[in-house]
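In what follows, a single structure is set out as structure tokens and then discussed.
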Amino acid sequence: MSNPAKFEVVRLYLRQQFPQHHITDMQDGTSRAQVFRVDGPHGHPLHYAIIALDYLLDQTAESLQEVLVSSSLGDKLRGAGASPVMISKTGISLKAT
């Protein structure tokens with residue numbers, strides 16, 4: 001499955017977790033990752049999820065959805081505030097800013 005289809009899985013999950021918020025994403029070439037940003041209803045950035053592209057290669061849409069749900073990514077993002085949450089082959093962690 002292509003990465004764009006997997007990106008859509010993440011977008012849909014974030015839309016469910018953060019209704020009435022705006023979800024955007026872009027590739028971060030320096031860290032070989034896709035950055036997903038959750039903006040509040042008034043356009044202020046609230047949360048960041050960074051997913052390593054090498055991690056995505058090993059996932060199917062179904063397994064990625066399971067990881068997002070079982071890891072409670074939405075709750076982790078809420079707890080982290082504006083600090084990025086990183087998903088990689090080593091797990092989920094807060095990224096130092």
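Chain identifiers are assigned as A, B, and so on, following the order in which chains appear in the structure tokens; residues are numbered from 1 within each chain, and ligands are numbered from 1 in order of appearance.
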
Among the residues of chain A, find those DSSP assigns to strand (DSSP E or B) from the backbone and print them as a short mmCIF file (atom, residue, chain, number, x, y, z; two decimals) with all heavy atoms, in the first residue's frame.
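Generated file (selection.cif):
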data_model
loop_
_atom_site.label_atom_id
_atom_site.label_comp_id
_atom_site.auth_asym_id
_atom_site.auth_seq_id
_atom_site.Cartn_x
_atom_site.Cartn_y
_atom_site.Cartn_z
N HIS A 22 -8.56 21.40 12.35
CA HIS A 22 -8.02 21.29 11.00
C HIS A 22 -6.76 20.42 11.04
O HIS A 22 -5.87 20.69 11.85
CB HIS A 22 -7.72 22.68 10.44
CG HIS A 22 -7.28 22.66 9.02
ND1 HIS A 22 -8.13 22.32 7.98
CD2 HIS A 22 -6.09 22.93 8.45
CE1 HIS A 22 -7.47 22.39 6.85
NE2 HIS A 22 -6.23 22.76 7.10
N ILE A 23 -6.69 19.41 10.18
CA ILE A 23 -5.55 18.49 10.14
C ILE A 23 -4.77 18.76 8.85
O ILE A 23 -5.34 18.73 7.77
CB ILE A 23 -6.01 17.01 10.15
CG1 ILE A 23 -7.00 16.73 11.28
CG2 ILE A 23 -4.80 16.08 10.20
CD1 ILE A 23 -6.51 16.98 12.67
N THR A 24 -3.48 19.01 8.98
CA THR A 24 -2.61 19.17 7.82
C THR A 24 -1.41 18.25 7.98
O THR A 24 -1.10 17.82 9.10
CB THR A 24 -2.11 20.62 7.63
OG1 THR A 24 -1.40 21.01 8.81
CG2 THR A 24 -3.26 21.58 7.39
N ASP A 25 -0.75 17.96 6.87
CA ASP A 25 0.48 17.18 6.97
C ASP A 25 1.41 17.57 5.85
O ASP A 25 1.00 18.07 4.81
CB ASP A 25 0.20 15.67 6.98
CG ASP A 25 -0.47 15.16 5.73
OD1 ASP A 25 -1.70 15.32 5.59
OD2 ASP A 25 0.24 14.60 4.88
N MET A 26 2.69 17.35 6.11
CA MET A 26 3.74 17.64 5.14
C MET A 26 4.92 16.74 5.42
O MET A 26 5.08 16.24 6.53
CB MET A 26 4.16 19.12 5.22
CG MET A 26 4.95 19.45 6.46
SD MET A 26 4.41 20.80 7.52
CE MET A 26 2.77 20.48 7.97
N GLN A 27 5.74 16.53 4.40
CA GLN A 27 6.93 15.71 4.59
C GLN A 27 8.06 16.56 5.15
O GLN A 27 8.28 17.68 4.70
CB GLN A 27 7.37 15.05 3.29
CG GLN A 27 8.46 14.03 3.51
CD GLN A 27 8.66 13.12 2.30
OE1 GLN A 27 7.89 13.15 1.37
NE2 GLN A 27 9.69 12.33 2.34
N ASP A 28 8.73 16.03 6.15
CA ASP A 28 9.90 16.68 6.73
C ASP A 28 11.11 15.95 6.18
O ASP A 28 11.44 14.86 6.64
CB ASP A 28 9.84 16.61 8.25
CG ASP A 28 11.06 17.22 8.92
OD1 ASP A 28 11.91 17.80 8.20
OD2 ASP A 28 11.17 17.13 10.15
N ALA A 33 10.40 11.95 7.62
CA ALA A 33 9.16 11.69 8.35
C ALA A 33 8.03 12.51 7.76
O ALA A 33 8.25 13.48 7.05
CB ALA A 33 9.35 12.04 9.82
N GLN A 34 6.81 12.09 8.08
CA GLN A 34 5.62 12.86 7.73
C GLN A 34 5.14 13.53 9.01
O GLN A 34 4.97 12.87 10.04
CB GLN A 34 4.55 11.93 7.15
CG GLN A 34 3.39 12.65 6.53
CD GLN A 34 3.72 13.24 5.16
OE1 GLN A 34 4.81 13.05 4.63
NE2 GLN A 34 2.79 13.96 4.59
N VAL A 35 4.94 14.83 8.95
CA VAL A 35 4.50 15.61 10.10
C VAL A 35 3.01 15.92 9.94
O VAL A 35 2.60 16.48 8.93
CB VAL A 35 5.30 16.92 10.23
CG1 VAL A 35 4.80 17.75 11.42
CG2 VAL A 35 6.78 16.64 10.35
N PHE A 36 2.23 15.54 10.94
CA PHE A 36 0.80 15.84 10.97
C PHE A 36 0.58 16.90 12.04
O PHE A 36 1.05 16.75 13.17
CB PHE A 36 0.00 14.57 11.32
CG PHE A 36 0.08 13.53 10.25
CD1 PHE A 36 1.14 12.63 10.22
CD2 PHE A 36 -0.88 13.46 9.25
CE1 PHE A 36 1.24 11.67 9.22
CE2 PHE A 36 -0.79 12.50 8.25
CZ PHE A 36 0.27 11.62 8.24
N ARG A 37 -0.14 17.96 11.66
CA ARG A 37 -0.39 19.05 12.60
C ARG A 37 -1.89 19.18 12.83
O ARG A 37 -2.68 19.15 11.88
CB ARG A 37 0.17 20.36 12.04
CG ARG A 37 0.12 21.50 13.04
CD ARG A 37 0.75 22.74 12.46
NE ARG A 37 -0.24 23.38 11.60
CZ ARG A 37 0.05 24.34 10.74
NH1 ARG A 37 1.30 24.73 10.56
NH2 ARG A 37 -0.90 24.88 10.01
N VAL A 38 -2.26 19.31 14.09
CA VAL A 38 -3.66 19.53 14.47
C VAL A 38 -3.78 20.99 14.88
O VAL A 38 -3.15 21.42 15.85
CB VAL A 38 -4.06 18.60 15.65
CG1 VAL A 38 -5.51 18.86 16.05
CG2 VAL A 38 -3.85 17.14 15.29
N ASP A 39 -4.58 21.73 14.13
CA ASP A 39 -4.83 23.14 14.45
C ASP A 39 -6.19 23.25 15.12
O ASP A 39 -7.14 22.56 14.76
CB ASP A 39 -4.85 24.00 13.18
CG ASP A 39 -3.49 24.09 12.50
OD1 ASP A 39 -2.48 23.76 13.15
OD2 ASP A 39 -3.45 24.49 11.33
N PRO A 45 -1.89 26.21 15.84
CA PRO A 45 -1.34 24.84 15.96
C PRO A 45 -1.41 24.36 17.41
O PRO A 45 -0.98 25.07 18.33
CB PRO A 45 0.11 24.99 15.51
CG PRO A 45 0.17 26.28 14.76
CD PRO A 45 -0.90 27.15 15.34
N LEU A 46 -1.95 23.17 17.61
CA LEU A 46 -2.09 22.62 18.96
C LEU A 46 -1.21 21.39 19.20
O LEU A 46 -0.63 21.25 20.27
CB LEU A 46 -3.55 22.22 19.22
CG LEU A 46 -4.59 23.33 19.16
CD1 LEU A 46 -5.98 22.72 19.35
CD2 LEU A 46 -4.30 24.38 20.22
N HIS A 47 -1.17 20.49 18.21
CA HIS A 47 -0.49 19.22 18.40
C HIS A 47 0.25 18.82 17.13
O HIS A 47 -0.16 19.17 16.03
CB HIS A 47 -1.49 18.10 18.74
CG HIS A 47 -2.42 18.44 19.85
ND1 HIS A 47 -1.99 18.62 21.14
CD2 HIS A 47 -3.76 18.63 19.88
CE1 HIS A 47 -3.03 18.91 21.92
NE2 HIS A 47 -4.12 18.92 21.16
N TYR A 48 1.34 18.04 17.33
CA TYR A 48 2.13 17.54 16.20
C TYR A 48 2.39 16.05 16.39
O TYR A 48 2.84 15.63 17.45
CB TYR A 48 3.49 18.25 16.13
CG TYR A 48 3.39 19.72 15.86
CD1 TYR A 48 3.26 20.62 16.90
CD2 TYR A 48 3.43 20.21 14.55
CE1 TYR A 48 3.17 21.99 16.66
CE2 TYR A 48 3.34 21.57 14.31
CZ TYR A 48 3.22 22.46 15.35
OH TYR A 48 3.12 23.80 15.11
N ALA A 49 2.11 15.27 15.35
CA ALA A 49 2.48 13.85 15.32
C ALA A 49 3.47 13.68 14.16
O ALA A 49 3.20 14.13 13.05
CB ALA A 49 1.26 12.97 15.10
N ILE A 50 4.60 13.07 14.45
CA ILE A 50 5.64 12.85 13.44
C ILE A 50 5.79 11.34 13.26
O ILE A 50 6.08 10.63 14.22
CB ILE A 50 6.97 13.48 13.87
CG1 ILE A 50 6.77 14.97 14.12
CG2 ILE A 50 8.05 13.22 12.82
CD1 ILE A 50 7.97 15.66 14.74
N ILE A 51 5.59 10.87 12.03
CA ILE A 51 5.67 9.44 11.76
C ILE A 51 6.83 9.19 10.81
O ILE A 51 6.86 9.73 9.69
CB ILE A 51 4.36 8.90 11.18
CG1 ILE A 51 3.21 9.21 12.15
CG2 ILE A 51 4.48 7.40 10.91
CD1 ILE A 51 1.87 8.71 11.71
N ALA A 52 7.78 8.38 11.26
CA ALA A 52 8.96 8.06 10.45
C ALA A 52 8.53 7.29 9.20
O ALA A 52 7.73 6.35 9.28
CB ALA A 52 9.95 7.24 11.27
N VAL A 85 4.93 14.42 19.08
CA VAL A 85 4.92 13.00 19.44
C VAL A 85 5.44 12.24 18.21
O VAL A 85 4.91 12.39 17.12
CB VAL A 85 3.50 12.53 19.83
CG1 VAL A 85 3.49 11.03 20.06
CG2 VAL A 85 3.02 13.28 21.06
N MET A 86 6.48 11.43 18.42
CA MET A 86 7.15 10.72 17.33
C MET A 86 6.74 9.25 17.34
O MET A 86 6.74 8.60 18.39
CB MET A 86 8.66 10.84 17.53
CG MET A 86 9.48 10.13 16.50
SD MET A 86 9.54 11.13 15.02
CE MET A 86 10.51 10.09 13.96
N ILE A 87 6.39 8.73 16.15
CA ILE A 87 6.11 7.31 15.99
C ILE A 87 7.19 6.75 15.06
O ILE A 87 7.35 7.22 13.94
CB ILE A 87 4.73 7.06 15.39
CG1 ILE A 87 3.65 7.68 16.28
CG2 ILE A 87 4.48 5.58 15.19
CD1 ILE A 87 2.25 7.60 15.70
N SER A 88 7.92 5.76 15.56
CA SER A 88 9.00 5.16 14.77
C SER A 88 9.06 3.67 15.06
O SER A 88 8.25 3.16 15.84
CB SER A 88 10.34 5.82 15.10
OG SER A 88 10.72 5.51 16.43
N GLY A 91 9.00 2.76 18.68
CA GLY A 91 7.81 3.03 19.48
C GLY A 91 7.34 4.47 19.39
O GLY A 91 7.69 5.19 18.46
N ILE A 92 6.58 4.89 20.38
CA ILE A 92 6.04 6.24 20.43
C ILE A 92 6.71 7.00 21.55
O ILE A 92 6.82 6.52 22.67
CB ILE A 92 4.51 6.22 20.64
CG1 ILE A 92 3.85 5.52 19.45
CG2 ILE A 92 3.96 7.62 20.82
CD1 ILE A 92 2.35 5.42 19.55
N SER A 93 7.17 8.21 21.24
CA SER A 93 7.88 9.00 22.25
C SER A 93 7.68 10.49 21.97
O SER A 93 7.29 10.89 20.89
CB SER A 93 9.37 8.67 22.23
OG SER A 93 9.92 8.97 20.95
N LEU A 94 7.96 11.27 23.00
CA LEU A 94 7.96 12.72 22.82
C LEU A 94 9.28 13.09 22.17
O LEU A 94 10.34 12.59 22.56
CB LEU A 94 7.85 13.44 24.17
CG LEU A 94 6.48 13.44 24.82
CD1 LEU A 94 6.54 14.16 26.15
CD2 LEU A 94 5.45 14.10 23.92
#

Using only C-alpha atoms: which of A:Gly74, A:Glu66, A:Pro19, A:Leu53 has the shortest distance to Ser31 of chain A: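 The closest residue to Ser31 of chain A is A:Leu53.
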
Just the number, please: distance in Å from atom CA of Asp75 of chain A to atom CA of Leu14 of chain A, one decimal.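 A separation of 10.8 Å between them.
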
So how many Å separate atom CA of Gln59 of chain A and atom CA of Lys6 of chain A, to one decimal? 8.4 Å

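Note that atom CA of Gln20 of chain A and atom CA of Gly43 of chain A are 10.8 Å apart.
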
Go through A:Val69, A:Leu64, A:Ala82, A:Lys89 one by one, measure the shortest atom-to-atom distance of each to His44 of chain A using only C-alpha atoms, and give the residue with the smallest value.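 Among A:Val69, A:Leu64, A:Ala82, A:Lys89, it is A:Ala82 that comes nearest to His44 of chain A.
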
Go through chain A and collect every residue that DSSP, computed from the backbone, puts in helix (DSSP H, G or I); the answer should be as a ChimeraX atom specification. /A:3-17,53-57,61-70,73-80

Under the rule that only C-alpha atoms are counted, which of A:Thr90, A:Ser70, A:Ser83, A:Gln65 is the nearest residue to Tyr13 of chain A? A:Gln65

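Closest approach to Arg11 of chain A among A:Ala80, A:Pro41, A:Ala61, A:Ser71 is made by A:Ala61 (distances from only C-alpha atoms).
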
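Residue nearest Phe18 of chain A, chosen from A:Asn3, A:Leu77, A:Ser63, A:Leu68 and counting only C-alpha atoms: A:Leu77.
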
May I ask which of the residues A:Leu57, A:Leu73, A:Val67, A:Leu12 is the closest one to Arg32 of chain A, counting only C-alpha atoms?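 So, comparing all the options, the nearest one is A:Leu57.
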